[in-house]
Structure formats: structure tokens, C-alpha cells
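Below is one structure, written out as C-alpha cells, with a few remarks after it.
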Amino acid sequence: MTESRVASDADVLHDYIARCSNWGRWGDDDERGAINFIGPDQIRNAAALVRRGTSLSLTLPYDARGPQSGAFRSNPQVLTTATGLDYLAGEQDPLPAGWGAAKGFGYADDLLVMHTQAGTQWDALSHIFWEGKMWNGRSAGEVTSQGSKANGIENYTARIVTRGILVDLPVLRGVDSLEPGYAISVNDIEECLAAHSLEIRTGDALIVRTGFMAARRGNWGDYAGGSAPGLSLHTASWLHEKEIAAVATDTWGVEVRPNEIDYFQPLHIVALVHTGVAFGEMFDLDALAADCANDGVYEFMFVASPLPLTGGTGSPVSAVALK
């Protein structure tokens, strides 16, 4: 790669950062970013979208058959520490912890071992650094082996409750899945919105289906970290201007892979680190897509609270769309 190309890519990235930064917008101590766009009005308006009383899960199962290859993260493991076989063998009588004789009582218990970002999850604002800083200018040094002293995932808990809009691009394009490397443009998104007479409002969650999860489900290959369709870097200023609170997709990393410029995950650098948009990854959108195609309604109440993992750089989420 030539020196002029590197300089050009750097100029593009720094220009987007300068135009899209929200640092200081909600005060120097803010740790929520664009989630601040979600307030009482957004929650009430989202609740008004619930008409049929239907709840649709947007979360992958957390198990050893998940999408992780082990190269960067491993799939979740649920380890059963007390079983029905233990009970039937009499190994739970007496009960542990000084609780006395079992008298017929038995129990099962288990332990979850997982990367917090192994499946359907939110990135925290402490997840990505750029030139030594994370969201709102906080030092990367504030994330230690003890967790994040600032911008931890707990700042999102109970706050991602808003209007969701599904942008289902495979249906719009008449394909099962967008191809790896397909960069989703602002025109793509707006064409899909126009097809359903929808407009973005402040505080919305943009839910983007590429079909890539459906194409790889059960035979994941390089789904986690490899080439994938995703949002173009050049959507950054649109996300900023529209005051979108969150973006969730059915891919490993939200943005297109390979990246469009010679920087790793440049949309994360701009939109997550500097704009403060919540990024949700590996959301299972197939059931929602089928439901929206059936009733023609592509807006819904979106509820996707992460676990309150103090200082976490990401978290699993049990996300639902309510219609």
C-alpha cells in the first residue's frame, strides 16, 4: 500500500471523527453516549407500537454450538454442577451448606463459562480505543484487569428500551443474504425505510438484517471475524445526524469486512468511540424478519438490556421485539 493511500485513509477517518464526535455533548463525565437520546418520550412512543401482544426473541442460544471459532473467543459452556443423577444416587443427602437432611428434596445447578461477547451482545463504550482514548476522551488506561473504571456496560442496563426499526436488505434486494464484503450504504438504508413508509426519529434503534447469520447458521466457518456484509464507514455521518441511539445487526462486527480503508473496524472508531452509538452484534433477526414480512409492520418496541456487569466491556443480552 502506498504512502499516499495511507495518508488518504487517515484523512478520511480523521474527517469523520471531527464531524461525528459527541464528546462532551452530555457532559464530561457521561458514560452512556447516544443512549442519552432515549428518554421518556421514546419509551412511551415505543410502548404504543405494541398492538398484537407478540414477543419475538432476537437472541442466539448460548451454547457450545455457537458462532465462535476459538481463534479469538470461544463459545459459551454451561457446566452442570449438580445433576438429577446425583440426586437419584443419594449424593445430595444430606444437603450442602449445613441445610440438613434432604427428606426427598433435590436440585440441579450449573455454571456458565463464556466470553461476554461470545453471542448476541452489546459492545460497551469501553470496548474500543483510538489513539489512547475511549468514549468521551477517557483514557484507555481506565480499563484494567479489574474491569472498566469508566464506560462499563452497566451504564446501558435498563436503558435500551426504544423504537426499533428493521431494515431487511436481503428481502429488498431479492436475495437470501448479502454477500461478504457488501458495504451497506445510506442509500440502501433509506430505500428500505421508504419501502415501508418509515422515517428515523431521535433515539431509534436501527436493526439491520443482512441474512448472513441465516446463511451460516449451523456451519459457521469464519462467520466470527471473517469477511461479511455490514454497514459502510460512510454511514457514520448519517448515524450522527439522525441521532440514532443504537445499531444492531446479524453479523459478528456490525460493519463491512474487509474494511473499506486501511484501518481495522473504522466504523467502530468513529461511531462507537466518538459518536457513542451502542453497537449490538450477532442478533438473531430471522424470526423478526418473517413476522414483519407477514404483517407488513417494520417498527416495534425494542427491549434489549444487557446484564449489569460492573466494569464489563460487553454483555450478553436477551433482546426482544414487541409488536
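All residue names refer to the C-alpha cells as shown: chains lettered A, B, ... in order, residues numbered from 1 in each chain, ligands numbered from 1 in order.
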Distance query region 143-151 of chain A at most 12 Å, only C-alpha atoms, self and fewer than 5 positions along chain excluded, as a PyMOL selection string
chain A and resi 28-33+123-129+132-138+156+272-273+276+278+309-314
Show which residues sit within 10 Å of Asp284 (chain A), as a list in words. Count only C-alpha atoms, and ignore same-chain residues fewer than 3 positions away.
Ser57, Leu58, Thr59, Leu60, Pro61, Gly119, Thr120, Arg209, Gly211, Met213, Ala214, Ala248, Thr249, Asp250, Thr251, Glu281, Ala287, Leu288, Ala289 and Ala319 of chain A
Those residues you just picked out, can you put them in a file as a short mmCIF file (atom, residue, chain, number, x, y, z; two decimals), in the first residue's frame with all heavy atoms?
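Wrote selection20.cif, looks like this:
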data_model
loop_
_atom_site.label_atom_id
_atom_site.label_comp_id
_atom_site.auth_asym_id
_atom_site.auth_seq_id
_atom_site.Cartn_x
_atom_site.Cartn_y
_atom_site.Cartn_z
N SER A 57 -38.04 -13.21 20.20
CA SER A 57 -36.66 -13.20 20.68
C SER A 57 -35.70 -12.86 19.54
O SER A 57 -35.87 -13.32 18.41
CB SER A 57 -36.28 -14.56 21.26
OG SER A 57 -34.89 -14.57 21.60
N LEU A 58 -34.69 -12.06 19.87
CA LEU A 58 -33.66 -11.68 18.90
C LEU A 58 -32.30 -12.20 19.32
O LEU A 58 -31.26 -11.69 18.87
CB LEU A 58 -33.61 -10.15 18.77
CG LEU A 58 -34.94 -9.42 18.56
CD1 LEU A 58 -34.71 -7.92 18.44
CD2 LEU A 58 -35.67 -9.95 17.33
N THR A 59 -32.27 -13.21 20.18
CA THR A 59 -31.04 -13.68 20.79
C THR A 59 -30.72 -15.12 20.39
O THR A 59 -31.58 -16.00 20.45
CB THR A 59 -31.13 -13.58 22.32
OG1 THR A 59 -31.32 -12.22 22.69
CG2 THR A 59 -29.86 -14.08 22.99
N LEU A 60 -29.47 -15.35 19.99
CA LEU A 60 -28.99 -16.70 19.72
C LEU A 60 -28.97 -17.53 21.00
O LEU A 60 -28.76 -16.99 22.08
CB LEU A 60 -27.56 -16.65 19.19
CG LEU A 60 -27.32 -16.36 17.72
CD1 LEU A 60 -25.82 -16.21 17.47
CD2 LEU A 60 -27.87 -17.48 16.84
N PRO A 61 -29.14 -18.86 20.90
CA PRO A 61 -28.90 -19.70 22.07
C PRO A 61 -27.44 -19.56 22.53
O PRO A 61 -26.53 -19.46 21.70
CB PRO A 61 -29.18 -21.11 21.56
CG PRO A 61 -30.02 -20.93 20.35
CD PRO A 61 -29.59 -19.64 19.73
N GLY A 119 -21.81 -14.33 22.06
CA GLY A 119 -23.05 -14.50 21.30
C GLY A 119 -23.72 -13.16 21.10
O GLY A 119 -23.05 -12.13 20.95
N THR A 120 -25.04 -13.15 21.09
CA THR A 120 -25.78 -11.90 20.95
C THR A 120 -25.37 -10.97 22.08
O THR A 120 -25.47 -11.34 23.25
CB THR A 120 -27.29 -12.16 20.99
OG1 THR A 120 -27.61 -13.14 19.98
CG2 THR A 120 -28.08 -10.88 20.74
N ARG A 209 -30.75 -6.32 9.16
CA ARG A 209 -30.59 -7.73 8.81
C ARG A 209 -29.88 -7.84 7.46
O ARG A 209 -30.30 -7.25 6.47
CB ARG A 209 -31.95 -8.42 8.75
CG ARG A 209 -31.85 -9.91 8.40
CD ARG A 209 -33.21 -10.59 8.46
NE ARG A 209 -33.10 -11.99 8.08
CZ ARG A 209 -33.25 -12.44 6.83
NH1 ARG A 209 -33.54 -11.58 5.84
NH2 ARG A 209 -33.12 -13.72 6.55
N GLY A 211 -28.94 -11.17 6.49
CA GLY A 211 -29.14 -12.55 6.09
C GLY A 211 -27.93 -13.43 6.30
O GLY A 211 -27.98 -14.65 6.08
N MET A 213 -26.30 -14.35 9.03
CA MET A 213 -26.42 -15.35 10.09
C MET A 213 -27.21 -16.56 9.59
O MET A 213 -26.82 -17.71 9.82
CB MET A 213 -27.08 -14.77 11.33
CG MET A 213 -27.26 -15.79 12.45
SD MET A 213 -28.00 -15.10 13.95
CE MET A 213 -26.61 -14.16 14.59
N ALA A 214 -28.31 -16.30 8.90
CA ALA A 214 -29.11 -17.40 8.37
C ALA A 214 -28.30 -18.25 7.39
O ALA A 214 -28.43 -19.48 7.35
CB ALA A 214 -30.36 -16.85 7.69
N ALA A 248 -27.99 -2.55 15.74
CA ALA A 248 -27.78 -3.98 15.97
C ALA A 248 -27.91 -4.71 14.64
O ALA A 248 -28.79 -4.41 13.84
CB ALA A 248 -28.79 -4.53 16.97
N THR A 249 -27.03 -5.67 14.42
CA THR A 249 -27.04 -6.44 13.18
C THR A 249 -26.92 -7.93 13.45
O THR A 249 -26.62 -8.36 14.58
CB THR A 249 -25.89 -6.01 12.23
OG1 THR A 249 -24.65 -6.56 12.71
CG2 THR A 249 -25.78 -4.51 12.13
N ASP A 250 -27.08 -8.72 12.40
CA ASP A 250 -26.95 -10.18 12.50
C ASP A 250 -25.56 -10.65 12.11
O ASP A 250 -25.36 -11.82 11.77
CB ASP A 250 -28.02 -10.87 11.64
CG ASP A 250 -27.94 -10.49 10.16
OD1 ASP A 250 -27.17 -9.56 9.81
OD2 ASP A 250 -28.67 -11.10 9.36
N THR A 251 -24.57 -9.77 12.17
CA THR A 251 -23.20 -10.12 11.85
C THR A 251 -22.32 -10.01 13.08
O THR A 251 -22.72 -9.47 14.12
CB THR A 251 -22.62 -9.21 10.74
OG1 THR A 251 -22.50 -7.87 11.25
CG2 THR A 251 -23.51 -9.21 9.51
N GLU A 281 -24.24 -6.86 18.31
CA GLU A 281 -23.73 -7.81 17.32
C GLU A 281 -24.33 -9.19 17.51
O GLU A 281 -24.73 -9.58 18.60
CB GLU A 281 -22.20 -7.86 17.42
CG GLU A 281 -21.57 -6.52 17.10
CD GLU A 281 -20.13 -6.34 17.53
OE1 GLU A 281 -19.64 -7.12 18.37
OE2 GLU A 281 -19.48 -5.40 17.03
N ALA A 287 -36.58 -14.61 12.81
CA ALA A 287 -37.98 -14.71 13.21
C ALA A 287 -38.66 -13.34 13.10
O ALA A 287 -39.82 -13.24 12.68
CB ALA A 287 -38.10 -15.26 14.63
N LEU A 288 -37.95 -12.30 13.49
CA LEU A 288 -38.49 -10.95 13.37
C LEU A 288 -38.74 -10.60 11.90
O LEU A 288 -39.79 -10.03 11.55
CB LEU A 288 -37.52 -9.94 13.98
CG LEU A 288 -37.88 -8.46 13.81
CD1 LEU A 288 -39.22 -8.14 14.48
CD2 LEU A 288 -36.77 -7.57 14.36
N ALA A 289 -37.81 -10.95 11.03
CA ALA A 289 -37.97 -10.65 9.60
C ALA A 289 -39.20 -11.35 9.04
O ALA A 289 -39.97 -10.76 8.26
CB ALA A 289 -36.72 -11.08 8.84
N ALA A 319 -32.63 -10.07 24.04
CA ALA A 319 -33.33 -8.99 23.34
C ALA A 319 -34.66 -9.47 22.79
O ALA A 319 -34.77 -10.62 22.33
CB ALA A 319 -32.46 -8.48 22.20
#
Restrict the calculation to only C-alpha atoms, then for each residue of region 22-132 of chain A with any atom at most 12 Å from an atom of region 231-242 of chain A give the closest atom pair and their distance in Å to one decimal, rows by chain and rising residue number, as CSV.
residue,atom,partner,partner_atom,distance
A:Asn22,CA,A:His240,CA,8.5
A:Gly33,CA,A:His240,CA,11.5
A:Ala34,CA,A:His240,CA,9.0
A:Phe37,CA,A:Lys242,CA,10.6
Would you please extract all helix (DSSP H, G or I) residues from region 37-254 of chain A, as assigned by DSSP on the backbone, and give them as a ChimeraX atom specification?
/A:37,40-47,84-88,135-137,140-142,153-156,169-173,186-195,212-216,233-241
Enter the distance from CA of Thr157 (chain A) to CA of Leu307 (chain A), in Å, rounded to one decimal.
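Between these atoms lies a distance of 6.4 Å.
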Residues at most 12 Å from Tyr107 (chain A), counting only C-alpha atoms, excluding those fewer than 6 positions away in the same chain, as a VMD selection string?
chain A and resid 80 to 88 90 to 93 95 to 96
May I ask which of the residues A:Pro94, A:Leu322, A:Ser139, A:Leu79 is the closest one to Val113 (chain A), counting only C-alpha atoms?
A:Leu79
Excluding Arg52 (chain A) and any residue of its chain fewer than 3 positions from it, enumerate the residues within 12 Å of it, using only C-alpha atoms, and give them as an MDAnalysis selection string.
chainID A and resid 47:49 55:56 291 295 297 300:301 321:323
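The nearest approach to Met282 (chain A) among the residues A:Ser177, A:Ser305, A:Gln117, A:Asn155, with only C-alpha atoms taken into account, belongs to A:Gln117.
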With only C-alpha atoms as the counted atoms, please give the residues lying no more than 8 Å from Val167 (chain A), apart from itself and same-chain residues fewer than 4 positions off, as a PyMOL selection string.
chain A and resi 189+192-193+206-209+298
Point out the residue among A:Leu169, A:Ala195, A:Val270, A:Val186 with the least atom-to-atom distance to Pro229 (chain A), counting only C-alpha atoms.
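Using only C-alpha atoms, the shortest distance to Pro229 (chain A) belongs to A:Leu169.
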For CA of Trp252 (chain A) and CA of Ala228 (chain A), the interatomic separation in Å (one decimal):
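According to the coordinates, CA of Trp252 (chain A) and CA of Ala228 (chain A) are separated by 8.2 Å.
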DSSP on the backbone, then: every residue of region 103-168 of chain A marked strand (DSSP E), written as a PyMOL selection string.
chain A and resi 109-113+121-123+143-144+147-148+161-168
Residues of the last selection are to be written out with N, CA and C atoms, as a CSV table (one decimal), in the first residue's frame.
chain,number,residue,atom,x,y,z
A,109,ASP,N,-28.0,-27.6,39.5
A,109,ASP,CA,-27.3,-26.3,39.5
A,109,ASP,C,-26.3,-26.3,38.4
A,110,ASP,N,-26.0,-25.2,37.8
A,110,ASP,CA,-24.9,-25.1,36.8
A,110,ASP,C,-24.1,-23.8,36.8
A,111,LEU,N,-23.1,-23.9,36.1
A,111,LEU,CA,-22.1,-22.8,36.0
A,111,LEU,C,-22.0,-22.4,34.5
A,112,LEU,N,-22.0,-21.1,34.2
A,112,LEU,CA,-21.8,-20.6,32.9
A,112,LEU,C,-20.4,-20.0,32.7
A,113,VAL,N,-19.7,-20.5,31.7
A,113,VAL,CA,-18.4,-20.0,31.4
A,113,VAL,C,-18.4,-19.5,30.0
A,121,GLN,N,-24.9,-9.8,21.8
A,121,GLN,CA,-24.3,-8.9,22.8
A,121,GLN,C,-24.2,-7.5,22.4
A,122,TRP,N,-24.1,-6.6,23.4
A,122,TRP,CA,-23.7,-5.2,23.2
A,122,TRP,C,-22.3,-5.0,23.5
A,123,ASP,N,-21.6,-4.2,22.7
A,123,ASP,CA,-20.3,-3.6,23.0
A,123,ASP,C,-20.5,-2.5,24.0
A,143,VAL,N,-9.3,1.0,31.8
A,143,VAL,CA,-9.7,-0.4,31.7
A,143,VAL,C,-8.5,-1.3,32.1
A,144,THR,N,-8.7,-1.9,33.2
A,144,THR,CA,-7.6,-2.7,33.8
A,144,THR,C,-8.1,-4.1,34.0
A,147,GLY,N,-11.5,-4.5,35.5
A,147,GLY,CA,-12.6,-4.0,34.8
A,147,GLY,C,-12.5,-2.6,34.4
A,148,SER,N,-13.6,-2.0,33.8
A,148,SER,CA,-13.5,-0.6,33.3
A,148,SER,C,-14.0,0.3,34.4
A,161,VAL,N,-34.4,0.7,25.7
A,161,VAL,CA,-35.8,0.4,25.6
A,161,VAL,C,-36.3,1.5,24.7
A,162,THR,N,-36.6,1.2,23.4
A,162,THR,CA,-36.9,2.3,22.5
A,162,THR,C,-37.6,1.7,21.2
A,163,ARG,N,-37.9,2.6,20.3
A,163,ARG,CA,-38.5,2.1,19.0
A,163,ARG,C,-37.4,1.5,18.2
A,164,GLY,N,-37.7,0.3,17.7
A,164,GLY,CA,-36.8,-0.4,16.8
A,164,GLY,C,-37.3,-0.4,15.4
A,165,ILE,N,-36.4,-0.3,14.4
A,165,ILE,CA,-36.8,-0.3,13.0
A,165,ILE,C,-36.0,-1.4,12.3
A,166,LEU,N,-36.7,-2.4,11.7
A,166,LEU,CA,-36.0,-3.4,11.0
A,166,LEU,C,-35.7,-3.0,9.5
A,167,VAL,N,-34.4,-3.0,9.2
A,167,VAL,CA,-34.0,-2.8,7.8
A,167,VAL,C,-33.6,-4.1,7.3
A,168,ASP,N,-34.5,-4.8,6.5
A,168,ASP,CA,-34.2,-6.1,6.0
A,168,ASP,C,-33.8,-6.0,4.5
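With CA of Gly53 (chain A) on one side and CA of Ala304 (chain A) on the other, the separation reads 17.3 Å.
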